[in-house]
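Enquirer: This structure is in structure tokens; I'll ask about it shortly.
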Amino acid sequence: MSKDESEQVDKNRRVVLAALAGGAMTGAAALTGQQARAASSETETTEQSASSSIDLSKNGMQLIITGSGSALPDPLRGGASCAVVVDGVVLQFDCGRRVLENLMLVGINPMKIDHLFFTHMHFDHIADYDYFMISNWIAGRQELVHVYGPKGTERMSEGALRQMHAMDYDFVHEILTYWPPHMKKRPTQEPPFKVKDVSPGVILETDSFKVSCLHTDHLPFPNMSSLGYRVDSDYGSVAISGDTAISEGMLKLAKGVDILVHECVKPDLGMTPGGGKFSSKDFHSDKLMKKRPQTGHTSPSQLGQLAADAGVKKLIAYHLAPYTSVPAAVEMSSLYLGPSPGPAIWAEFSAAMKKKYSGPVVLAEDRMIFDIKK
Ligand SMILES: [Zn+2]
Ligand SMILES: [Zn+2]
């Protein structure tokens, strides 16, 4: 990158950070995709988003990145999550940091989420779930949200509502007793959520789409399962991973899809100045390495290989670490990431994927939108 380009990137970064910090951002238009790309240190993309907002009254199928980041806080990226919209029906996958706000910035009211799917119960994938539930309830949502996830989803939902938010649970019931009858649009008596632990297979099928899931390989404990998902419609198909090492489940789900959205949080060995500390064997105990040799995450070269093996038409890597975020975010993640490798890490990620996979590769950013067409 030339000096001029570097200066422009720095300038764009300052604009975006000022907007984020000062509340100057009034909508999606205030933070263009180009600025976001510059702010997140010129991540390399091969295709641009088709549009900057979603119209739920229109037919079609879209994918929205509602969070491109990883587990620890990153002001430039929300927690890994995405939404698929089919003919105006909103399917949300995971509910980490900033999902609600990112949906709003692309024009979707979070009260319009119809179905919510969890890949697993790690904190970065559920961080805004309790907030989503309480805020939808208190805002007067009437329609049920259908929630699906691996074993533990029902228990987690119950705990969030009745334990973590026990006071608000009682508070909403209390206000319902004194709101006058003419206030028709009021919270329902019970929070409008129908939650179900699901097993691998087809878990939802309508006239216009089908959602299936399979086990993936993230957690070493048998009682903590993780799932990947696939959405099929007449428009096309998307496969979505949560956190996982290379897995049979994702290979099957991704077979021939139009878009694969897959985590890519760990570097290949030797990619970072810390010697690839995050993915190196000595980072985990021998006992754990025997159980889980891949450390439960996927590196760029592994992901490129998976995309090639599955024959996907486009690859989107998300759950990206804050290598080039603000200094405090880099510092907070340093236990796992080591010292910041600088912006060159993203070119290394892309190159490693492209070495194995010849299709288009995108490093995800928040609020990217993709039209899905066969
Ligand atoms: Zn995660
Ligand atoms: Zn996880």
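Ordering of the structure tokens sets the chain letters (A, B, ...), residue numbers begin anew at 1 in every chain, and ligands are numbered from 1 in the order given.
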Name all residues at most 8 Å from segment 131-147 of chain A (count only C-alpha atoms; drop same-chain ones fewer than 6 positions away) and give them as a list of chain:residue names.

Expert: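 The residues satisfying every condition are A:Leu100, A:Pro110, A:Met111, A:Ile113, A:Asp114, A:His115, A:Leu116, A:Phe117, A:Phe118, A:Leu161, A:Asp168, A:Val172, A:Lys185, A:Arg186, A:Pro187, A:Thr188, A:Pro191, A:Pro192, A:Phe193, A:Lys194, A:Val195, A:Lys196.
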
Enquirer: For the residues selected in the previous step, produce a file with C-alpha atoms as a PDB file, in the first residue's frame.

Expert:
```
ATOM      1  CA  LEU A 100     -30.173  -5.855  16.851  1.00  0.00           C
ATOM      2  CA  PRO A 110     -35.581  -6.876  15.117  1.00  0.00           C
ATOM      3  CA  MET A 111     -39.271  -7.396  15.968  1.00  0.00           C
ATOM      4  CA  ILE A 113     -37.137 -11.821  13.257  1.00  0.00           C
ATOM      5  CA  ASP A 114     -39.344 -14.862  12.721  1.00  0.00           C
ATOM      6  CA  HIS A 115     -36.942 -17.691  13.530  1.00  0.00           C
ATOM      7  CA  LEU A 116     -33.748 -17.646  15.585  1.00  0.00           C
ATOM      8  CA  PHE A 117     -31.218 -20.471  15.351  1.00  0.00           C
ATOM      9  CA  PHE A 118     -28.277 -21.026  17.682  1.00  0.00           C
ATOM     10  CA  LEU A 161     -35.671 -14.836  31.342  1.00  0.00           C
ATOM     11  CA  ASP A 168     -37.587  -7.377  34.575  1.00  0.00           C
ATOM     12  CA  VAL A 172     -43.290  -6.298  32.905  1.00  0.00           C
ATOM     13  CA  LYS A 185     -50.572  -2.749  21.869  1.00  0.00           C
ATOM     14  CA  ARG A 186     -49.056  -4.022  25.060  1.00  0.00           C
ATOM     15  CA  PRO A 187     -46.652  -6.796  26.039  1.00  0.00           C
ATOM     16  CA  THR A 188     -48.150 -10.260  25.953  1.00  0.00           C
ATOM     17  CA  PRO A 191     -42.668 -13.434  26.572  1.00  0.00           C
ATOM     18  CA  PRO A 192     -43.463 -14.435  22.954  1.00  0.00           C
ATOM     19  CA  PHE A 193     -40.807 -17.099  22.483  1.00  0.00           C
ATOM     20  CA  LYS A 194     -41.172 -20.745  21.591  1.00  0.00           C
ATOM     21  CA  VAL A 195     -37.855 -22.458  22.241  1.00  0.00           C
ATOM     22  CA  LYS A 196     -36.862 -25.938  21.139  1.00  0.00           C
TER      23      LYS A 196
END
```

Enquirer: Hey, what's within 10 Å of Lys355 of chain A if we count only C-alpha atoms and toss same-chain stuff fewer than 3 positions away? As number ranges by chain, please?

Expert: A: 300-301, 304-305, 350-352, 358

Enquirer: Let me see the file: selected residues, C-alpha atoms, as an mmCIF file, in the first residue's frame.

Expert:
```cif
data_model
loop_
_atom_site.group_PDB
_atom_site.id
_atom_site.type_symbol
_atom_site.label_atom_id
_atom_site.label_comp_id
_atom_site.auth_asym_id
_atom_site.auth_seq_id
_atom_site.Cartn_x
_atom_site.Cartn_y
_atom_site.Cartn_z
ATOM 1 C CA PRO A 300 -7.769 -19.996 6.383
ATOM 2 C CA SER A 301 -6.018 -22.828 4.554
ATOM 3 C CA GLY A 304 -10.127 -22.935 1.590
ATOM 4 C CA GLN A 305 -9.776 -26.716 1.395
ATOM 5 C CA SER A 350 -7.158 -14.430 1.687
ATOM 6 C CA ALA A 351 -4.077 -15.850 0.021
ATOM 7 C CA ALA A 352 -4.201 -19.000 2.184
ATOM 8 C CA SER A 358 -10.510 -20.959 -6.763
#
```

Enquirer: Collect all residues with atoms no farther than 8 Å from ligand 1, counting only C-alpha atoms and all ligand atoms, and output them as a list in words.

Expert: Ser70, Ala71, Gly79, Ala80, His122, Phe123, Asp124, His125, Gly242, Asp243 and His319 of chain A

Enquirer: Can you pull out every residue within 8 Å of Leu63 of chain A, counting only C-alpha atoms, but drop anything in the same chain fewer than 6 positions away, and send it as a list in words?

Expert: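 Here the qualifying residues turn out to be Cys82, Ala83, Val84, Val85, Ile369, Phe370, Asp371 and Ile372 of chain A.
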
Enquirer: From a DSSP calculation on the backbone, collect every residue of segment 28-273 of chain A in strand (DSSP E) and output the set as number ranges by chain.

Expert: A: 61-67, 81-86, 89-93, 113-117, 145-149, 193-197, 201-205, 209-215, 227-233, 237-240, 259-263

Enquirer: Could the residues in this selection be written to a file with C-alpha atoms, as a short mmCIF file (atom, residue, chain, number, x, y, z; two decimals), in the first residue's frame?

Expert:
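What follows is the written file result23.cif:
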```cif
data_model
loop_
_atom_site.label_atom_id
_atom_site.label_comp_id
_atom_site.auth_asym_id
_atom_site.auth_seq_id
_atom_site.Cartn_x
_atom_site.Cartn_y
_atom_site.Cartn_z
CA MET A 61 -33.35 -14.25 -0.81
CA GLN A 62 -30.61 -12.27 0.89
CA LEU A 63 -27.80 -12.96 3.32
CA ILE A 64 -26.82 -10.25 5.81
CA ILE A 65 -23.71 -10.36 7.96
CA THR A 66 -25.07 -9.15 11.30
CA GLY A 67 -21.70 -9.63 13.01
CA SER A 81 -23.88 -13.95 13.34
CA CYS A 82 -25.88 -13.61 10.15
CA ALA A 83 -29.43 -13.41 8.88
CA VAL A 84 -31.04 -15.01 5.86
CA VAL A 85 -34.18 -13.39 4.47
CA VAL A 86 -36.46 -15.44 2.21
CA VAL A 89 -39.20 -14.04 6.39
CA VAL A 90 -36.21 -13.30 8.64
CA LEU A 91 -34.07 -16.23 9.80
CA GLN A 92 -31.43 -15.11 12.30
CA PHE A 93 -28.43 -17.30 13.03
CA ILE A 113 -37.14 -11.82 13.26
CA ASP A 114 -39.34 -14.86 12.72
CA HIS A 115 -36.94 -17.69 13.53
CA LEU A 116 -33.75 -17.65 15.59
CA PHE A 117 -31.22 -20.47 15.35
CA VAL A 145 -40.32 -15.96 17.78
CA HIS A 146 -39.40 -19.58 17.12
CA VAL A 147 -36.02 -20.38 18.66
CA TYR A 148 -33.97 -23.47 17.83
CA GLY A 149 -30.58 -24.65 19.00
CA PHE A 193 -40.81 -17.10 22.48
CA LYS A 194 -41.17 -20.75 21.59
CA VAL A 195 -37.86 -22.46 22.24
CA LYS A 196 -36.86 -25.94 21.14
CA ASP A 197 -33.71 -28.04 21.49
CA GLY A 201 -31.96 -33.15 10.31
CA VAL A 202 -34.58 -30.91 8.71
CA ILE A 203 -35.88 -28.68 11.49
CA LEU A 204 -38.11 -26.25 9.59
CA GLU A 205 -39.83 -26.51 6.23
CA PHE A 209 -37.64 -22.63 2.27
CA LYS A 210 -36.13 -25.45 4.29
CA VAL A 211 -33.63 -25.26 7.18
CA SER A 212 -31.51 -28.26 8.14
CA CYS A 213 -28.72 -28.74 10.65
CA LEU A 214 -25.92 -31.17 11.46
CA HIS A 215 -23.44 -31.53 14.30
CA LEU A 227 -24.59 -27.19 15.03
CA GLY A 228 -24.13 -25.89 11.51
CA TYR A 229 -27.12 -24.91 9.35
CA ARG A 230 -28.21 -24.86 5.73
CA VAL A 231 -31.07 -22.92 4.16
CA ASP A 232 -32.47 -24.06 0.79
CA SER A 233 -35.04 -22.23 -1.28
CA SER A 237 -28.77 -22.07 -0.78
CA VAL A 238 -26.59 -20.90 2.11
CA ALA A 239 -24.63 -22.94 4.65
CA ILE A 240 -23.63 -21.34 7.96
CA ILE A 259 -22.71 -19.25 -0.32
CA LEU A 260 -20.81 -20.80 2.56
CA VAL A 261 -20.46 -18.55 5.63
CA HIS A 262 -17.82 -20.14 7.82
CA GLU A 263 -15.80 -19.19 10.86
#
```

Enquirer: Return the single residue from A:Ser334, A:Ser325, A:Ser57, A:Thr216 that is closest to Pro150 of chain A, with distances computed using only C-alpha atoms.

Expert: A:Thr216

Enquirer: Record the distance separating atom CA of Arg98 of chain A and atom CA of Met368 of chain A, expressed in Å with one decimal.

Expert: 14.2 Å
